[in-house]
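Asker: Structure file structure.txt (compact mmCIF, C-alpha atoms and all ligand atoms) is given on the next line.
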```txt
# COMPACT_ATOMS: atom_id res chain seq x y z
CA MET A 1402 -5.23 0.85 -10.45
CA LYS A 1403 -8.52 0.95 -12.30
CA ILE A 1404 -9.36 -2.00 -14.50
CA SER A 1405 -13.01 -2.62 -15.16
CA PHE A 1406 -15.20 -5.68 -15.58
CA LEU A 1407 -15.72 -6.50 -19.26
CA GLY A 1408 -13.15 -3.81 -20.12
CA LEU A 1409 -16.01 -1.32 -20.48
CA PRO A 1410 -16.46 2.07 -18.78
CA ASP A 1411 -18.56 2.00 -15.62
CA HIS A 1412 -22.27 2.20 -16.38
CA PRO A 1413 -23.66 5.58 -15.19
CA LYS A 1414 -26.61 3.83 -13.54
CA ALA A 1415 -24.82 0.65 -12.51
CA GLN A 1416 -26.73 -1.67 -10.17
CA VAL A 1417 -23.96 -4.22 -9.64
CA ALA A 1418 -20.54 -3.35 -8.21
CA LEU A 1419 -17.46 -5.52 -8.57
CA ILE A 1420 -15.11 -5.07 -5.62
CA PRO A 1421 -11.61 -6.51 -6.12
CA ILE A 1422 -10.22 -7.89 -2.85
CA PRO A 1423 -6.60 -9.01 -3.34
CA PHE A 1424 -6.46 -10.44 0.17
CA GLU A 1425 -4.24 -13.44 0.81
CA LEU A 1426 -2.63 -13.86 4.18
CA THR A 1427 -3.44 -17.33 5.45
CA THR A 1428 -3.52 -19.76 2.51
CA THR A 1429 -1.79 -22.96 3.48
CA TRP A 1430 -1.33 -25.10 0.38
CA LEU A 1431 -1.18 -23.60 -3.12
CA LYS A 1432 -0.75 -19.85 -3.09
CA GLY A 1433 -1.78 -17.15 -5.55
CA THR A 1434 -5.38 -16.12 -4.76
CA LYS A 1435 -4.10 -12.56 -4.29
CA GLU A 1436 -3.65 -12.32 -8.06
CA ALA A 1437 -7.17 -13.53 -8.83
CA PRO A 1438 -9.14 -10.24 -8.78
CA LEU A 1439 -6.87 -8.66 -11.39
CA GLU A 1440 -6.75 -11.81 -13.52
CA ILE A 1441 -10.55 -12.25 -13.42
CA LEU A 1442 -11.04 -8.65 -14.54
CA LYS A 1443 -8.37 -9.07 -17.22
CA VAL A 1444 -10.06 -12.06 -18.88
CA SER A 1445 -13.60 -10.64 -18.53
CA PRO A 1446 -13.59 -8.73 -21.88
CA ASN A 1447 -13.51 -12.15 -23.57
CA LEU A 1448 -17.05 -12.88 -22.42
CA GLU A 1449 -19.92 -12.53 -24.86
CA PHE A 1450 -21.97 -9.56 -23.68
CA PHE A 1451 -25.29 -11.19 -24.61
CA ASP A 1452 -26.84 -14.05 -22.63
CA GLU A 1453 -28.72 -16.41 -24.91
CA GLU A 1454 -30.67 -18.07 -22.11
CA THR A 1455 -32.31 -14.93 -20.67
CA LYS A 1456 -31.85 -12.83 -23.83
CA THR A 1457 -30.46 -10.07 -21.65
CA SER A 1458 -27.28 -7.99 -21.93
CA PRO A 1459 -26.41 -7.39 -18.27
CA GLN A 1460 -24.04 -4.49 -18.99
CA GLU A 1461 -26.93 -2.62 -20.63
CA ASP A 1462 -29.79 -3.97 -18.55
CA ILE A 1463 -28.40 -3.56 -15.04
CA GLY A 1464 -24.88 -2.20 -15.56
CA PHE A 1465 -21.57 -2.77 -13.79
CA PHE A 1466 -19.36 -0.55 -11.72
CA THR A 1467 -15.84 -1.72 -10.80
CA TYR A 1468 -14.05 -0.46 -7.71
CA PRO A 1469 -10.36 0.34 -8.18
CA LEU A 1470 -7.90 -2.41 -7.41
CA GLU A 1471 -6.00 -1.39 -4.29
CA GLU A 1472 -3.25 -2.70 -2.09
CA PHE A 1473 -4.62 -4.47 0.93
CA PRO A 1474 -3.34 -4.23 4.51
CA LEU A 1475 -0.98 -7.09 5.33
CA ASN A 1476 -2.61 -7.98 8.62
CA ILE A 1477 -5.86 -9.87 8.96
CA LYS A 1478 -7.65 -7.35 11.14
CA GLY A 1479 -6.76 -4.46 8.84
CA ALA A 1480 -7.68 -6.40 5.72
CA LEU A 1481 -11.05 -7.50 7.13
CA LYS A 1482 -11.79 -3.95 8.17
CA ARG A 1483 -11.08 -2.72 4.65
CA VAL A 1484 -13.41 -5.39 3.22
CA GLU A 1485 -16.08 -4.23 5.63
CA GLU A 1486 -15.63 -0.58 4.61
CA LEU A 1487 -15.77 -1.33 0.90
CA THR A 1488 -18.87 -3.49 1.31
CA GLU A 1489 -20.58 -0.80 3.35
CA ASP A 1490 -19.67 1.82 0.74
CA ALA A 1491 -21.27 -0.32 -1.98
CA ILE A 1492 -24.44 -0.83 0.09
CA LYS A 1493 -24.74 2.89 0.80
CA ARG A 1494 -24.37 3.71 -2.87
CA GLY A 1495 -27.19 1.30 -3.70
CA PHE A 1496 -25.05 -1.31 -5.46
CA PHE A 1497 -25.48 -5.03 -5.36
CA PRO A 1498 -21.96 -5.91 -4.15
CA ILE A 1499 -19.94 -8.74 -5.71
CA LEU A 1500 -16.60 -9.19 -3.98
CA LEU A 1501 -13.80 -10.72 -6.01
CA GLY A 1502 -11.33 -12.62 -3.82
CA GLY A 1503 -8.85 -13.31 -2.63
CA GLU A 1504 -8.96 -15.88 0.12
CA HIS A 1505 -12.17 -16.98 1.77
CA THR A 1506 -11.47 -15.16 5.04
CA LEU A 1507 -12.70 -11.93 3.40
CA THR A 1508 -16.29 -13.16 3.60
CA PHE A 1509 -16.28 -12.34 7.30
CA GLY A 1510 -15.69 -8.64 6.61
CA ALA A 1511 -18.45 -8.50 4.01
CA VAL A 1512 -20.91 -10.27 6.28
CA LYS A 1513 -20.17 -7.92 9.17
CA ALA A 1514 -21.10 -4.94 7.01
CA LEU A 1515 -24.22 -6.56 5.55
CA LYS A 1516 -25.42 -7.69 8.96
CA ARG A 1517 -25.80 -4.06 10.00
CA TYR A 1518 -28.20 -3.40 7.12
CA TYR A 1519 -30.08 -6.69 6.98
CA SER A 1520 -31.21 -8.07 10.32
CA ASP A 1521 -32.51 -11.24 8.62
CA LEU A 1522 -29.22 -12.05 6.88
CA LYS A 1523 -28.57 -15.70 5.94
CA ILE A 1524 -25.48 -17.24 4.39
CA LEU A 1525 -25.59 -19.58 1.42
CA HIS A 1526 -22.15 -21.14 1.20
CA PHE A 1527 -20.69 -23.19 -1.66
CA ASP A 1528 -17.43 -24.95 -0.94
CA ALA A 1529 -15.61 -28.27 -0.96
CA HIS A 1530 -14.69 -27.51 2.65
CA LEU A 1531 -16.87 -26.59 5.58
CA ASP A 1532 -14.30 -24.09 6.97
CA PHE A 1533 -15.81 -24.82 10.38
CA ARG A 1534 -12.65 -25.34 12.42
CA LYS A 1535 -12.38 -23.48 15.71
CA ASP A 1536 -8.80 -22.62 14.88
CA TYR A 1537 -6.33 -23.80 12.29
CA LEU A 1538 -2.54 -23.99 12.60
CA GLY A 1539 -2.77 -21.82 15.69
CA GLU A 1540 -4.70 -19.08 13.90
CA GLU A 1541 -8.20 -18.19 14.96
CA PHE A 1542 -9.00 -16.25 11.80
CA ASN A 1543 -8.26 -17.88 8.47
CA HIS A 1544 -9.69 -19.58 5.41
CA ALA A 1545 -10.35 -22.82 7.34
CA THR A 1546 -12.30 -21.13 10.16
CA VAL A 1547 -14.26 -18.43 8.33
CA ILE A 1548 -17.64 -20.16 8.29
CA ARG A 1549 -17.27 -20.98 11.97
CA LYS A 1550 -16.64 -17.29 12.67
CA ILE A 1551 -19.74 -16.32 10.71
CA TYR A 1552 -21.74 -18.98 12.54
CA GLU A 1553 -20.65 -17.39 15.80
CA LEU A 1554 -22.37 -14.18 14.64
CA SER A 1555 -25.61 -16.22 14.97
CA LEU A 1556 -26.42 -16.25 11.26
CA PRO A 1557 -28.24 -19.16 9.61
CA ILE A 1558 -25.95 -21.00 7.18
CA LEU A 1559 -26.52 -23.55 4.44
CA SER A 1560 -23.28 -25.10 3.11
CA VAL A 1561 -23.40 -26.95 -0.22
CA GLY A 1562 -20.86 -29.16 -2.03
CA ILE A 1563 -18.85 -30.24 1.01
CA ARG A 1564 -16.48 -33.16 0.38
CA ALA A 1565 -13.41 -32.61 2.57
CA ILE A 1566 -14.11 -32.28 6.27
CA SER A 1567 -12.33 -33.26 9.48
CA LYS A 1568 -14.00 -35.51 12.01
CA GLU A 1569 -14.00 -32.64 14.51
CA GLU A 1570 -15.69 -30.30 12.04
CA PHE A 1571 -18.24 -32.98 11.19
CA GLU A 1572 -19.10 -33.49 14.85
CA GLU A 1573 -19.20 -29.77 15.53
CA ALA A 1574 -21.52 -29.28 12.58
CA GLU A 1575 -23.81 -32.06 13.83
CA LYS A 1576 -24.06 -30.36 17.22
CA SER A 1577 -24.75 -26.92 15.72
CA ASN A 1578 -27.62 -25.85 13.52
CA ILE A 1579 -25.57 -25.17 10.42
CA GLN A 1580 -27.16 -27.05 7.49
CA VAL A 1581 -24.82 -29.08 5.32
CA ILE A 1582 -25.40 -30.61 1.90
CA PHE A 1583 -22.52 -32.89 0.98
CA ALA A 1584 -21.28 -33.21 -2.59
CA PHE A 1585 -22.36 -36.86 -2.71
CA GLU A 1586 -25.93 -35.73 -2.01
CA VAL A 1587 -25.73 -33.36 -4.97
CA PHE A 1588 -24.63 -36.34 -7.06
CA ASN A 1589 -27.26 -38.72 -5.65
CA SER A 1590 -30.30 -36.46 -5.80
CA PHE A 1591 -29.95 -33.01 -7.23
CA GLU A 1592 -33.73 -32.49 -7.13
CA ARG A 1593 -33.79 -32.98 -3.38
CA VAL A 1594 -30.88 -30.58 -3.01
CA LEU A 1595 -32.75 -27.92 -4.99
CA LYS A 1596 -35.74 -28.36 -2.71
CA ARG A 1597 -33.62 -27.85 0.42
CA LEU A 1598 -32.03 -24.82 -1.19
CA GLU A 1599 -35.41 -23.33 -2.07
CA ASP A 1600 -36.62 -23.85 1.50
CA PHE A 1601 -33.54 -22.06 2.83
CA ILE A 1602 -33.69 -19.03 0.53
CA GLU A 1603 -37.44 -18.59 0.72
CA GLU A 1604 -37.16 -16.17 3.62
CA GLY A 1605 -34.54 -13.70 4.74
CA SER A 1606 -31.82 -11.68 3.03
CA ILE A 1607 -29.40 -14.01 1.32
CA TYR A 1608 -25.65 -13.55 0.99
CA LEU A 1609 -23.98 -15.96 -1.39
CA THR A 1610 -20.38 -16.97 -0.83
CA LEU A 1611 -18.87 -19.11 -3.55
CA ASP A 1612 -15.52 -20.77 -3.01
CA MET A 1613 -14.45 -21.80 -6.49
CA ASP A 1614 -13.38 -25.22 -5.19
CA ALA A 1615 -17.08 -26.02 -4.74
CA LEU A 1616 -16.97 -26.61 -8.48
CA ASP A 1617 -15.50 -29.73 -9.95
CA PRO A 1618 -11.75 -29.33 -10.60
CA SER A 1619 -12.32 -30.44 -14.20
CA LEU A 1620 -14.03 -27.04 -14.56
CA ALA A 1621 -12.05 -25.04 -12.01
CA PRO A 1622 -8.52 -26.44 -11.59
CA GLY A 1623 -7.15 -23.05 -10.54
CA VAL A 1624 -7.93 -23.19 -6.83
CA GLY A 1625 -5.80 -23.50 -3.71
CA THR A 1626 -7.20 -26.80 -2.51
CA PRO A 1627 -8.75 -28.79 -5.39
CA GLU A 1628 -11.04 -31.73 -4.50
CA PRO A 1629 -12.66 -34.14 -6.97
CA GLY A 1630 -16.42 -34.54 -7.21
CA GLY A 1631 -17.64 -30.95 -7.22
CA LEU A 1632 -20.61 -29.13 -8.70
CA LEU A 1633 -20.98 -29.10 -12.46
CA TRP A 1634 -21.78 -26.08 -14.62
CA TYR A 1635 -25.48 -26.63 -15.25
CA GLN A 1636 -26.07 -27.62 -11.64
CA LEU A 1637 -24.53 -24.33 -10.57
CA LEU A 1638 -26.68 -22.43 -13.06
CA GLU A 1639 -29.87 -24.09 -11.77
CA ILE A 1640 -28.88 -23.00 -8.28
CA LEU A 1641 -27.97 -19.43 -9.32
CA LYS A 1642 -31.26 -19.12 -11.16
CA ARG A 1643 -33.15 -19.87 -7.96
CA VAL A 1644 -30.96 -17.65 -5.80
CA SER A 1645 -31.41 -14.72 -8.18
CA GLN A 1646 -35.16 -14.91 -7.57
CA ALA A 1647 -34.78 -14.79 -3.79
CA LYS A 1648 -34.02 -11.66 -1.79
CA VAL A 1649 -30.31 -11.82 -2.47
CA VAL A 1650 -28.27 -8.89 -1.13
CA GLY A 1651 -24.67 -9.65 -2.07
CA MET A 1652 -22.17 -12.20 -3.20
CA ASP A 1653 -18.52 -13.10 -3.17
CA ILE A 1654 -16.47 -15.38 -5.34
CA VAL A 1655 -13.27 -16.47 -3.65
CA GLU A 1656 -10.25 -18.77 -3.73
CA THR A 1657 -9.52 -18.62 -7.45
CA ARG A 1658 -5.80 -19.31 -7.91
CA PRO A 1659 -4.56 -18.30 -11.34
CA ILE A 1660 -2.43 -20.87 -13.13
CA PRO A 1661 -0.05 -19.01 -15.49
CA GLY A 1662 -0.90 -19.69 -19.13
CA TYR A 1663 -4.13 -21.46 -18.21
CA PRO A 1664 -6.71 -18.77 -17.39
CA PHE A 1665 -9.84 -20.96 -17.54
CA THR A 1666 -10.68 -20.76 -13.84
CA GLU A 1667 -10.51 -16.95 -13.94
CA PHE A 1668 -12.68 -16.99 -17.04
CA LEU A 1669 -15.14 -19.29 -15.28
CA ALA A 1670 -15.31 -16.91 -12.31
CA ALA A 1671 -16.04 -14.01 -14.68
CA LYS A 1672 -18.66 -16.09 -16.48
CA ILE A 1673 -20.37 -16.98 -13.19
CA ILE A 1674 -20.66 -13.28 -12.36
CA TYR A 1675 -22.02 -12.60 -15.81
CA LYS A 1676 -24.55 -15.43 -15.72
CA PHE A 1677 -25.73 -14.48 -12.25
CA SER A 1678 -26.11 -10.88 -13.41
CA ALA A 1679 -28.09 -12.07 -16.42
CA TYR A 1680 -30.47 -13.90 -14.06
CA LEU A 1681 -30.75 -10.79 -11.87
CA ALA A 1682 -31.48 -8.71 -14.97
CA TYR A 1683 -34.05 -11.21 -16.17
CA TYR A 1684 -35.89 -11.73 -12.90
CA LYS A 1685 -35.50 -8.28 -11.37
CA GLY A 1686 -34.58 -5.93 -14.18
CA ARG A 1687 -33.44 -2.51 -13.07
CA ASN A 1688 -35.00 -2.94 -9.69
CA LEU A 1689 -32.69 -5.25 -7.81
CA LYS A 1690 -34.15 -4.50 -4.42
MN MN B 1701 -12.72 -24.38 0.05
```
Kindly return the structure encoded in the file as structure tokens.
Ligand SMILES: [Mn+2]
Answerer:
Amino acid sequence: MKISFLGLPDHPKAQVALIPIPFELTTTWLKGTKEAPLEILKVSPNLEFFDEETKTSPQEDIGFFTYPLEEFPLNIKGALKRVEELTEDAIKRGFFPILLGGEHTLTFGAVKALKRYYSDLKILHFDAHLDFRKDYLGEEFNHATVIRKIYELSLPILSVGIRAISKEEFEEAEKSNIQVIFAFEVFNSFERVLKRLEDFIEEGSIYLTLDMDALDPSLAPGVGTPEPGGLLWYQLLEILKRVSQAKVVGMDIVETRPIPGYPFTEFLAAKIIYKFSAYLAYYKGRNLK
């Protein structure tokens, strides 16, 4: 099925590709992230197409292409492989890929593809959870282990917004060289957090993975595992503004869980994509590379 971002035809010279990934196989608490890609696309025409802050119109200035929504394999290996293929296809066609999840596990597939093209790949991770378990409920590969799996690919990682973590994960993280910024640090000193972020993104090719539960549930209640005390809207925008000026090579936005009759989290996800695209348009124009 083809449903496009903003409800508009694909831009003939699109720079940004939206890739719907209706992948949900291992969620453990509230289910429904499989529906998110379609629901995010469905609410996206309600966005204003002009961005007052950058005075850009991303659809005109950089342009969007939306991949068709497809059925995903019902096994983890198959689904991750499909994510990898789609990401690689987007890279080859010169798009800046934005993957629309789906559960967080999909990030592993995207990262595997990107790693082949960018030897200096680094992961900027926003989440309430560190997802750093070695295994979870007997499964090696799932939403609670995905960052651990990426870490095992020897990629530098900065995780931001963490506020629900097991003692084992905490100790494992201390032993490893993953960098963690807890949500309370964002609350205590946002300036210091921005500085650490800037230091991290200064070098390398940056992949941004945004679990919607990184945001405060007052903004984003439609997630599988809501946790109080998350990032606020203007904090996120300050961060995205900086990331858009770094060498950023792709992004995903995962773990949205549509609540019937209450589409604000889907709308927020669409708005995040739009704002980030506005910053890309403003800072990089038609030359995203
Ligand atoms: Mn999470």
Asker: To one decimal place, how far is CA of Pro1421 (chain A) from CA of Leu1515 (chain A) in Å?
Answerer: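 CA of Pro1421 (chain A) sits 17.2 Å away from CA of Leu1515 (chain A).
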Asker: Would you mind listing the residues within 9 Å of ligand MN 1701 (chain B), counting all atoms listed in the file, as an MDAnalysis selection string?
Answerer: chainID A and resid 1505 1527:1532 1544:1545 1563 1565 1611:1615 1624:1628 1655:1656
Asker: Given the choices A:Ile1492, A:Pro1618, A:Phe1451, A:Thr1427, which gets closest to Thr1666 (chain A) if the distance is worked out from only C-alpha atoms?
Answerer: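 Under the stated criterion, the closest residue is A:Pro1618.
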Asker: Measure the distance from CA of Ile1463 (chain A) to CA of Ala1671 (chain A) in Å and round it to one decimal.
Answerer: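 CA of Ala1671 (chain A) lies at a distance of 16.2 Å from CA of Ile1463 (chain A).
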Asker: Give me the residues within 6 Å of Ile1420 (chain A) as a count of residues only, counting all atoms listed in the file and dropping any in the same chain fewer than 2 places off.
Answerer: 3
Asker: Restricting the calculation to only C-alpha atoms: of A:Glu1572, A:Asp1490, A:Glu1436, A:Glu1599, which residue gets closest to Gly1623 (chain A)?
Answerer: A:Glu1436
Asker: Quick one: distance from CA of Gly1408 (chain A) to CA of Leu1633 (chain A) in Å, one decimal?
Answerer: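 CA of Gly1408 (chain A) sits 27.6 Å away from CA of Leu1633 (chain A).
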Asker: From the options A:Arg1549, A:Lys1685, A:Lys1672, A:Lys1576, which residue's atoms come nearest to Lys1535 (chain A), counting all atoms listed in the file?
Answerer: A:Arg1549
Asker: So which one's closest to His1526 (chain A), A:Glu1471, A:Glu1540, A:Asp1653, A:Glu1586? Using all atoms listed in the file, please.
Answerer: A:Asp1653
Asker: Which residues are near Lys1493 (chain A)? Cut-off 12 Å, all atoms listed in the file, ignore same chain within fewer than 5 positions. Put them as a ChimeraX atom specification.
Answerer: /A:1418,1486-1488,1498,1514-1515,1517-1518
Asker: Could you list as a ChimeraX atom specification every residue that has an atom within 12 Å of (-33.0, -27.9, 3.3), using the file's coordinates and counting all atoms listed in the file?
Answerer: /A:1525,1557-1561,1578-1583,1586,1592-1603
Asker: Between A:Val1644, A:Leu1522, A:Leu1431, A:Leu1426, single out the one closest to Leu1481 (chain A), counting all atoms listed in the file.
Answerer: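 Closest candidate: A:Leu1426.
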Asker: Which residue, A:Phe1466, A:Trp1634, A:Phe1668, A:Tyr1663, has the smallest gap to Pro1438 (chain A) when you use only C-alpha atoms?
Answerer: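 Closest candidate: A:Phe1668.
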Asker: Residues around (-24.3, -15.6, 3.4), cut-off 6 Å, counting all atoms listed in the file - what are they as a PyMOL selection string?
Answerer: chain A and resi 1523-1525+1607-1610
